[in-house]
file data.cif (mmCIF, N, CA and C atoms)
data_coords
loop_
_atom_site.label_atom_id
_atom_site.label_comp_id
_atom_site.auth_asym_id
_atom_site.auth_seq_id
_atom_site.Cartn_x
_atom_site.Cartn_y
_atom_site.Cartn_z
N MET A 119 17.22 6.17 8.00
CA MET A 119 16.00 6.92 8.21
C MET A 119 14.85 6.23 7.47
N THR A 120 13.73 6.08 8.13
CA THR A 120 12.57 5.44 7.54
C THR A 120 11.77 6.45 6.73
N SER A 121 11.49 6.10 5.50
CA SER A 121 10.67 6.94 4.63
C SER A 121 9.24 6.44 4.68
N LEU A 122 8.32 7.36 4.88
CA LEU A 122 6.91 7.01 4.95
C LEU A 122 6.20 7.46 3.67
N ILE A 123 5.31 6.60 3.20
CA ILE A 123 4.53 6.90 2.00
C ILE A 123 3.06 7.02 2.39
N ASN A 124 2.41 8.09 1.95
CA ASN A 124 1.00 8.31 2.22
C ASN A 124 0.19 7.37 1.33
N ILE A 125 -0.67 6.56 1.95
CA ILE A 125 -1.51 5.62 1.21
C ILE A 125 -2.98 6.04 1.24
N GLY A 126 -3.24 7.27 1.67
CA GLY A 126 -4.60 7.79 1.68
C GLY A 126 -5.10 8.15 3.06
N PHE A 127 -5.84 9.25 3.14
CA PHE A 127 -6.44 9.73 4.38
C PHE A 127 -5.42 9.93 5.49
N GLY A 128 -4.20 10.30 5.14
CA GLY A 128 -3.17 10.55 6.13
C GLY A 128 -2.52 9.30 6.70
N ASN A 129 -2.86 8.14 6.18
CA ASN A 129 -2.25 6.89 6.63
C ASN A 129 -0.92 6.69 5.90
N MET A 130 0.06 6.20 6.62
CA MET A 130 1.40 6.03 6.08
C MET A 130 1.89 4.60 6.27
N VAL A 131 2.77 4.17 5.36
CA VAL A 131 3.48 2.90 5.51
C VAL A 131 4.95 3.17 5.30
N ALA A 132 5.78 2.33 5.91
CA ALA A 132 7.22 2.44 5.74
C ALA A 132 7.58 1.93 4.35
N ALA A 133 8.19 2.78 3.55
CA ALA A 133 8.50 2.44 2.16
C ALA A 133 9.40 1.21 2.07
N GLU A 134 10.31 1.06 3.00
CA GLU A 134 11.26 -0.05 2.96
C GLU A 134 10.60 -1.40 3.24
N LYS A 135 9.40 -1.39 3.79
CA LYS A 135 8.72 -2.62 4.17
C LYS A 135 7.75 -3.13 3.10
N VAL A 136 7.49 -2.35 2.07
CA VAL A 136 6.53 -2.73 1.03
C VAL A 136 7.19 -3.70 0.05
N VAL A 137 6.55 -4.85 -0.15
CA VAL A 137 7.03 -5.86 -1.10
C VAL A 137 6.34 -5.68 -2.44
N ALA A 138 5.03 -5.41 -2.44
CA ALA A 138 4.28 -5.28 -3.68
C ALA A 138 3.10 -4.34 -3.50
N ILE A 139 2.74 -3.67 -4.60
CA ILE A 139 1.54 -2.84 -4.66
C ILE A 139 0.76 -3.36 -5.85
N VAL A 140 -0.43 -3.93 -5.61
CA VAL A 140 -1.18 -4.58 -6.67
C VAL A 140 -2.64 -4.13 -6.65
N SER A 141 -3.30 -4.35 -7.77
CA SER A 141 -4.73 -4.08 -7.89
C SER A 141 -5.51 -5.22 -7.23
N PRO A 142 -6.64 -4.92 -6.62
CA PRO A 142 -7.41 -5.96 -5.92
C PRO A 142 -8.35 -6.76 -6.81
N GLU A 143 -8.25 -6.60 -8.12
CA GLU A 143 -9.25 -7.17 -9.03
C GLU A 143 -9.08 -8.66 -9.30
N SER A 144 -7.87 -9.20 -9.26
CA SER A 144 -7.67 -10.59 -9.65
C SER A 144 -8.08 -11.56 -8.53
N SER A 145 -8.43 -12.76 -8.93
CA SER A 145 -8.86 -13.78 -7.96
C SER A 145 -7.78 -14.12 -6.94
N PRO A 146 -6.50 -14.27 -7.33
CA PRO A 146 -5.48 -14.56 -6.32
C PRO A 146 -5.33 -13.45 -5.27
N ILE A 147 -5.47 -12.21 -5.69
CA ILE A 147 -5.36 -11.09 -4.73
C ILE A 147 -6.59 -11.07 -3.83
N LYS A 148 -7.76 -11.32 -4.39
CA LYS A 148 -8.97 -11.41 -3.57
C LYS A 148 -8.83 -12.50 -2.52
N ARG A 149 -8.21 -13.61 -2.91
CA ARG A 149 -7.99 -14.72 -1.98
C ARG A 149 -7.02 -14.30 -0.88
N ILE A 150 -5.96 -13.58 -1.24
CA ILE A 150 -5.00 -13.09 -0.24
C ILE A 150 -5.69 -12.18 0.76
N ILE A 151 -6.55 -11.29 0.27
CA ILE A 151 -7.28 -10.38 1.15
C ILE A 151 -8.19 -11.16 2.09
N GLN A 152 -8.93 -12.13 1.54
CA GLN A 152 -9.85 -12.92 2.36
C GLN A 152 -9.11 -13.72 3.42
N GLU A 153 -7.98 -14.32 3.05
CA GLU A 153 -7.20 -15.10 4.01
C GLU A 153 -6.63 -14.19 5.11
N ALA A 154 -6.21 -12.99 4.74
CA ALA A 154 -5.70 -12.05 5.74
C ALA A 154 -6.81 -11.60 6.67
N ARG A 155 -8.00 -11.39 6.12
CA ARG A 155 -9.15 -10.96 6.92
C ARG A 155 -9.56 -12.04 7.92
N GLU A 156 -9.55 -13.29 7.48
CA GLU A 156 -9.95 -14.40 8.34
C GLU A 156 -8.82 -14.88 9.23
N GLY A 157 -7.61 -14.55 8.87
CA GLY A 157 -6.43 -15.11 9.53
C GLY A 157 -6.05 -14.46 10.83
N GLN A 158 -4.78 -14.30 11.02
CA GLN A 158 -4.19 -13.93 12.30
C GLN A 158 -4.14 -12.42 12.53
N GLY A 159 -5.12 -11.69 12.03
CA GLY A 159 -5.12 -10.24 12.25
C GLY A 159 -4.04 -9.53 11.46
N ILE A 160 -3.81 -9.98 10.23
CA ILE A 160 -2.75 -9.37 9.42
C ILE A 160 -3.29 -8.44 8.35
N LEU A 161 -4.61 -8.20 8.35
CA LEU A 161 -5.20 -7.27 7.39
C LEU A 161 -5.32 -5.90 8.03
N ILE A 162 -4.85 -4.88 7.33
CA ILE A 162 -4.98 -3.50 7.78
C ILE A 162 -5.80 -2.77 6.72
N ASP A 163 -7.01 -2.36 7.10
CA ASP A 163 -7.91 -1.69 6.17
C ASP A 163 -7.80 -0.19 6.38
N ALA A 164 -7.15 0.49 5.44
CA ALA A 164 -6.96 1.94 5.52
C ALA A 164 -7.86 2.67 4.53
N THR A 165 -8.97 2.03 4.15
CA THR A 165 -9.85 2.62 3.14
C THR A 165 -10.92 3.53 3.72
N TYR A 166 -11.16 3.47 5.03
CA TYR A 166 -12.21 4.26 5.68
C TYR A 166 -13.56 4.03 5.01
N GLY A 167 -13.82 2.77 4.62
CA GLY A 167 -15.09 2.41 4.02
C GLY A 167 -15.19 2.68 2.53
N ARG A 168 -14.15 3.26 1.95
CA ARG A 168 -14.16 3.51 0.51
C ARG A 168 -13.78 2.23 -0.24
N ARG A 169 -13.88 2.28 -1.54
CA ARG A 169 -13.52 1.15 -2.39
C ARG A 169 -12.01 0.90 -2.34
N THR A 170 -11.63 -0.35 -2.23
CA THR A 170 -10.20 -0.71 -2.23
C THR A 170 -9.68 -0.62 -3.65
N ARG A 171 -8.65 0.17 -3.85
CA ARG A 171 -8.07 0.33 -5.18
C ARG A 171 -6.66 -0.21 -5.27
N ALA A 172 -5.99 -0.35 -4.11
CA ALA A 172 -4.64 -0.91 -4.10
C ALA A 172 -4.47 -1.80 -2.89
N VAL A 173 -3.70 -2.85 -3.07
CA VAL A 173 -3.37 -3.77 -1.99
C VAL A 173 -1.86 -3.75 -1.84
N LEU A 174 -1.38 -3.43 -0.65
CA LEU A 174 0.05 -3.42 -0.38
C LEU A 174 0.39 -4.66 0.43
N VAL A 175 1.34 -5.42 -0.04
CA VAL A 175 1.82 -6.59 0.67
C VAL A 175 3.13 -6.18 1.33
N MET A 176 3.20 -6.38 2.65
CA MET A 176 4.35 -5.94 3.42
C MET A 176 5.29 -7.11 3.68
N ASP A 177 6.55 -6.82 4.00
CA ASP A 177 7.52 -7.88 4.24
C ASP A 177 7.21 -8.69 5.49
N SER A 178 6.36 -8.18 6.36
CA SER A 178 5.96 -8.90 7.57
C SER A 178 4.81 -9.86 7.31
N GLY A 179 4.26 -9.82 6.08
CA GLY A 179 3.11 -10.65 5.75
C GLY A 179 1.79 -9.92 5.90
N HIS A 180 1.82 -8.71 6.45
CA HIS A 180 0.60 -7.92 6.57
C HIS A 180 0.10 -7.51 5.18
N VAL A 181 -1.21 -7.34 5.08
CA VAL A 181 -1.85 -6.91 3.85
C VAL A 181 -2.56 -5.60 4.17
N VAL A 182 -2.23 -4.53 3.42
CA VAL A 182 -2.79 -3.21 3.67
C VAL A 182 -3.68 -2.82 2.49
N LEU A 183 -4.92 -2.44 2.79
CA LEU A 183 -5.86 -2.00 1.76
C LEU A 183 -5.85 -0.48 1.69
N SER A 184 -5.76 0.06 0.48
CA SER A 184 -5.71 1.51 0.28
C SER A 184 -6.77 1.95 -0.72
N PRO A 185 -7.34 3.15 -0.53
CA PRO A 185 -8.31 3.67 -1.48
C PRO A 185 -7.65 4.41 -2.65
N ILE A 186 -6.33 4.43 -2.69
CA ILE A 186 -5.57 5.15 -3.72
C ILE A 186 -5.15 4.16 -4.81
N GLN A 187 -5.14 4.60 -6.06
CA GLN A 187 -4.73 3.75 -7.18
C GLN A 187 -3.28 3.29 -7.01
N PRO A 188 -2.95 2.06 -7.43
CA PRO A 188 -1.57 1.57 -7.34
C PRO A 188 -0.56 2.49 -8.05
N GLU A 189 -0.96 3.04 -9.21
CA GLU A 189 -0.08 3.92 -9.96
C GLU A 189 0.27 5.17 -9.17
N THR A 190 -0.72 5.72 -8.46
CA THR A 190 -0.49 6.92 -7.65
C THR A 190 0.49 6.62 -6.52
N ILE A 191 0.31 5.48 -5.87
CA ILE A 191 1.21 5.12 -4.78
C ILE A 191 2.62 4.89 -5.31
N SER A 192 2.74 4.23 -6.46
CA SER A 192 4.07 4.00 -7.03
C SER A 192 4.75 5.30 -7.42
N HIS A 193 3.97 6.28 -7.90
CA HIS A 193 4.55 7.59 -8.21
C HIS A 193 5.07 8.27 -6.94
N ARG A 194 4.41 8.05 -5.83
CA ARG A 194 4.87 8.62 -4.57
C ARG A 194 6.21 8.00 -4.17
N PHE A 195 6.40 6.71 -4.45
CA PHE A 195 7.69 6.07 -4.21
C PHE A 195 8.77 6.70 -5.07
N VAL A 196 8.47 6.91 -6.35
CA VAL A 196 9.43 7.50 -7.27
C VAL A 196 9.78 8.92 -6.82
N ASP A 197 8.77 9.71 -6.48
CA ASP A 197 9.00 11.08 -6.02
C ASP A 197 9.87 11.11 -4.78
N MET A 198 9.63 10.16 -3.86
CA MET A 198 10.42 10.08 -2.64
C MET A 198 11.88 9.76 -2.97
N THR A 199 12.11 8.85 -3.92
CA THR A 199 13.45 8.47 -4.32
C THR A 199 14.19 9.63 -4.95
N VAL A 200 13.48 10.38 -5.81
CA VAL A 200 14.09 11.54 -6.47
C VAL A 200 14.48 12.60 -5.43
N GLU A 201 13.59 12.86 -4.47
CA GLU A 201 13.89 13.84 -3.42
C GLU A 201 15.10 13.41 -2.61
N ALA A 202 15.16 12.13 -2.27
CA ALA A 202 16.27 11.62 -1.47
C ALA A 202 17.59 11.77 -2.21
N SER A 203 17.59 11.50 -3.51
CA SER A 203 18.84 11.61 -4.28
C SER A 203 19.25 13.07 -4.44
N GLU A 204 18.26 13.99 -4.56
CA GLU A 204 18.58 15.41 -4.65
C GLU A 204 19.19 15.92 -3.36
N VAL A 205 18.67 15.46 -2.23
CA VAL A 205 19.20 15.87 -0.93
C VAL A 205 20.62 15.33 -0.75
N ALA A 206 20.84 14.09 -1.18
CA ALA A 206 22.15 13.46 -1.02
C ALA A 206 23.20 14.15 -1.91
N ASN A 207 22.78 14.63 -3.08
CA ASN A 207 23.72 15.26 -4.02
C ASN A 207 23.89 16.75 -3.76
N GLY A 208 23.10 17.28 -2.85
CA GLY A 208 23.25 18.68 -2.48
C GLY A 208 22.50 19.55 -3.35
#

call {"tool": "encode", "arguments": {"input": "data.cif", "output": "structure tokens"}}
result
Amino acid sequence: MTSLINIGFGNMVAAEKVVAIVSPESSPIKRIIQEAREGQGILIDATYGRRTRAVLVMDSGHVVLSPIQPETISHRFVDMTVEASEVANG
């Protein structure tokens, strides 16, 4: 079963496909965003014009921009894992 994580404004990503969740502040991440924007259509902007606060790198090479803090998104992953283990243990 695919678990979906909310990355803001009702947008979801498949949890199993996320490789990294990083802040957009560093030069290497800014370069990744710029290359994805100019490249083969692999940038997905889910910010709705808001400030980018997290960058999700997917296993397909896609780059997803989110207006939610990286820490908040990572907590959603943890919460999802805890719920899944509770369901599995009954």

call {"tool": "closest_residue", "arguments": {"input": "data.cif", "among": "A:Arg171, A:Met176, A:Glu156, A:Ala164", "to": "Glu134 of chain A", "atoms": "all atoms listed in the file"}}
result
A:Met176

call {"tool": "atom_distance", "arguments": {"input": "data.cif", "atom1": "atom CA of Glu153 of chain A", "atom2": "atom C of Leu183 of chain A"}}
result
14.9 Å

call {"tool": "select_by_dssp", "arguments": {"input": "data.cif", "residues": "chain A", "states": "strand (DSSP E)", "output": "ChimeraX atom specification"}}
result
/A:122-126,129-132,136-140,161-163,172-176,181-184

call {"tool": "write_last_selection", "arguments": {"input": "data.cif", "atoms": "N, CA and C atoms", "output": "short mmCIF file (atom, residue, chain, number, x, y, z; two decimals), in the coordinates of the input"}}
result
data_model
loop_
_atom_site.label_atom_id
_atom_site.label_comp_id
_atom_site.auth_asym_id
_atom_site.auth_seq_id
_atom_site.Cartn_x
_atom_site.Cartn_y
_atom_site.Cartn_z
N LEU A 122 8.32 7.36 4.88
CA LEU A 122 6.91 7.01 4.95
C LEU A 122 6.20 7.46 3.67
N ILE A 123 5.31 6.60 3.20
CA ILE A 123 4.53 6.90 2.00
C ILE A 123 3.06 7.02 2.39
N ASN A 124 2.41 8.09 1.95
CA ASN A 124 1.00 8.31 2.22
C ASN A 124 0.19 7.37 1.33
N ILE A 125 -0.67 6.56 1.95
CA ILE A 125 -1.51 5.62 1.21
C ILE A 125 -2.98 6.04 1.24
N GLY A 126 -3.24 7.27 1.67
CA GLY A 126 -4.60 7.79 1.68
C GLY A 126 -5.10 8.15 3.06
N ASN A 129 -2.86 8.14 6.18
CA ASN A 129 -2.25 6.89 6.63
C ASN A 129 -0.92 6.69 5.90
N MET A 130 0.06 6.20 6.62
CA MET A 130 1.40 6.03 6.08
C MET A 130 1.89 4.60 6.27
N VAL A 131 2.77 4.17 5.36
CA VAL A 131 3.48 2.90 5.51
C VAL A 131 4.95 3.17 5.30
N ALA A 132 5.78 2.33 5.91
CA ALA A 132 7.22 2.44 5.74
C ALA A 132 7.58 1.93 4.35
N VAL A 136 7.49 -2.35 2.07
CA VAL A 136 6.53 -2.73 1.03
C VAL A 136 7.19 -3.70 0.05
N VAL A 137 6.55 -4.85 -0.15
CA VAL A 137 7.03 -5.86 -1.10
C VAL A 137 6.34 -5.68 -2.44
N ALA A 138 5.03 -5.41 -2.44
CA ALA A 138 4.28 -5.28 -3.68
C ALA A 138 3.10 -4.34 -3.50
N ILE A 139 2.74 -3.67 -4.60
CA ILE A 139 1.54 -2.84 -4.66
C ILE A 139 0.76 -3.36 -5.85
N VAL A 140 -0.43 -3.93 -5.61
CA VAL A 140 -1.18 -4.58 -6.67
C VAL A 140 -2.64 -4.13 -6.65
N LEU A 161 -4.61 -8.20 8.35
CA LEU A 161 -5.20 -7.27 7.39
C LEU A 161 -5.32 -5.90 8.03
N ILE A 162 -4.85 -4.88 7.33
CA ILE A 162 -4.98 -3.50 7.78
C ILE A 162 -5.80 -2.77 6.72
N ASP A 163 -7.01 -2.36 7.10
CA ASP A 163 -7.91 -1.69 6.17
C ASP A 163 -7.80 -0.19 6.38
N ALA A 172 -5.99 -0.35 -4.11
CA ALA A 172 -4.64 -0.91 -4.10
C ALA A 172 -4.47 -1.80 -2.89
N VAL A 173 -3.70 -2.85 -3.07
CA VAL A 173 -3.37 -3.77 -1.99
C VAL A 173 -1.86 -3.75 -1.84
N LEU A 174 -1.38 -3.43 -0.65
CA LEU A 174 0.05 -3.42 -0.38
C LEU A 174 0.39 -4.66 0.43
N VAL A 175 1.34 -5.42 -0.04
CA VAL A 175 1.82 -6.59 0.67
C VAL A 175 3.13 -6.18 1.33
N MET A 176 3.20 -6.38 2.65
CA MET A 176 4.35 -5.94 3.42
C MET A 176 5.29 -7.11 3.68
N VAL A 181 -1.21 -7.34 5.08
CA VAL A 181 -1.85 -6.91 3.85
C VAL A 181 -2.56 -5.60 4.17
N VAL A 182 -2.23 -4.53 3.42
CA VAL A 182 -2.79 -3.21 3.67
C VAL A 182 -3.68 -2.82 2.49
N LEU A 183 -4.92 -2.44 2.79
CA LEU A 183 -5.86 -2.00 1.76
C LEU A 183 -5.85 -0.48 1.69
N SER A 184 -5.76 0.06 0.48
CA SER A 184 -5.71 1.51 0.28
C SER A 184 -6.77 1.95 -0.72
#

call {"tool": "resolve_selection", "arguments": {"input": "data.cif", "expression": "the PyMOL selection byres ((chain A and resi 139-148) around 5)", "output": "mmCIF file with N, CA and C atoms, in the frame of the given file"}}
result
data_model
loop_
_atom_site.group_PDB
_atom_site.id
_atom_site.type_symbol
_atom_site.label_atom_id
_atom_site.label_comp_id
_atom_site.auth_asym_id
_atom_site.auth_seq_id
_atom_site.Cartn_x
_atom_site.Cartn_y
_atom_site.Cartn_z
ATOM 1 N N VAL A 137 6.550 -4.850 -0.150
ATOM 2 C CA VAL A 137 7.030 -5.860 -1.100
ATOM 3 C C VAL A 137 6.340 -5.680 -2.440
ATOM 4 N N ALA A 138 5.030 -5.410 -2.440
ATOM 5 C CA ALA A 138 4.280 -5.280 -3.680
ATOM 6 C C ALA A 138 3.100 -4.340 -3.500
ATOM 7 N N ARG A 149 -8.210 -13.610 -2.910
ATOM 8 C CA ARG A 149 -7.990 -14.720 -1.980
ATOM 9 C C ARG A 149 -7.020 -14.300 -0.880
ATOM 10 N N ILE A 150 -5.960 -13.580 -1.240
ATOM 11 C CA ILE A 150 -5.000 -13.090 -0.240
ATOM 12 C C ILE A 150 -5.690 -12.180 0.760
ATOM 13 N N ILE A 151 -6.550 -11.290 0.270
ATOM 14 C CA ILE A 151 -7.280 -10.380 1.150
ATOM 15 C C ILE A 151 -8.190 -11.160 2.090
ATOM 16 N N GLN A 152 -8.930 -12.130 1.540
ATOM 17 C CA GLN A 152 -9.850 -12.920 2.360
ATOM 18 C C GLN A 152 -9.110 -13.720 3.420
ATOM 19 N N ARG A 171 -8.650 0.170 -3.850
ATOM 20 C CA ARG A 171 -8.070 0.330 -5.180
ATOM 21 C C ARG A 171 -6.660 -0.210 -5.270
ATOM 22 N N ALA A 172 -5.990 -0.350 -4.110
ATOM 23 C CA ALA A 172 -4.640 -0.910 -4.100
ATOM 24 C C ALA A 172 -4.470 -1.800 -2.890
ATOM 25 N N VAL A 173 -3.700 -2.850 -3.070
ATOM 26 C CA VAL A 173 -3.370 -3.770 -1.990
ATOM 27 C C VAL A 173 -1.860 -3.750 -1.840
ATOM 28 N N LEU A 174 -1.380 -3.430 -0.650
ATOM 29 C CA LEU A 174 0.050 -3.420 -0.380
ATOM 30 C C LEU A 174 0.390 -4.660 0.430
#

call {"tool": "atom_distance", "arguments": {"input": "data.cif", "atom1": "atom CA of His180 of chain A", "atom2": "atom C of Val200 of chain A"}}
result
27.5 Å

call {"tool": "closest_residue", "arguments": {"input": "data.cif", "among": "A:Met198, A:Leu122, A:Ala154, A:Ile186", "to": "Val136 of chain A", "atoms": "only C-alpha atoms"}}
result
A:Leu122

call {"tool": "closest_residue", "arguments": {"input": "data.cif", "among": "A:Val182, A:Thr120, A:Phe195, A:Arg155", "to": "Ala132 of chain A", "atoms": "only N, CA and C atoms"}}
result
A:Thr120
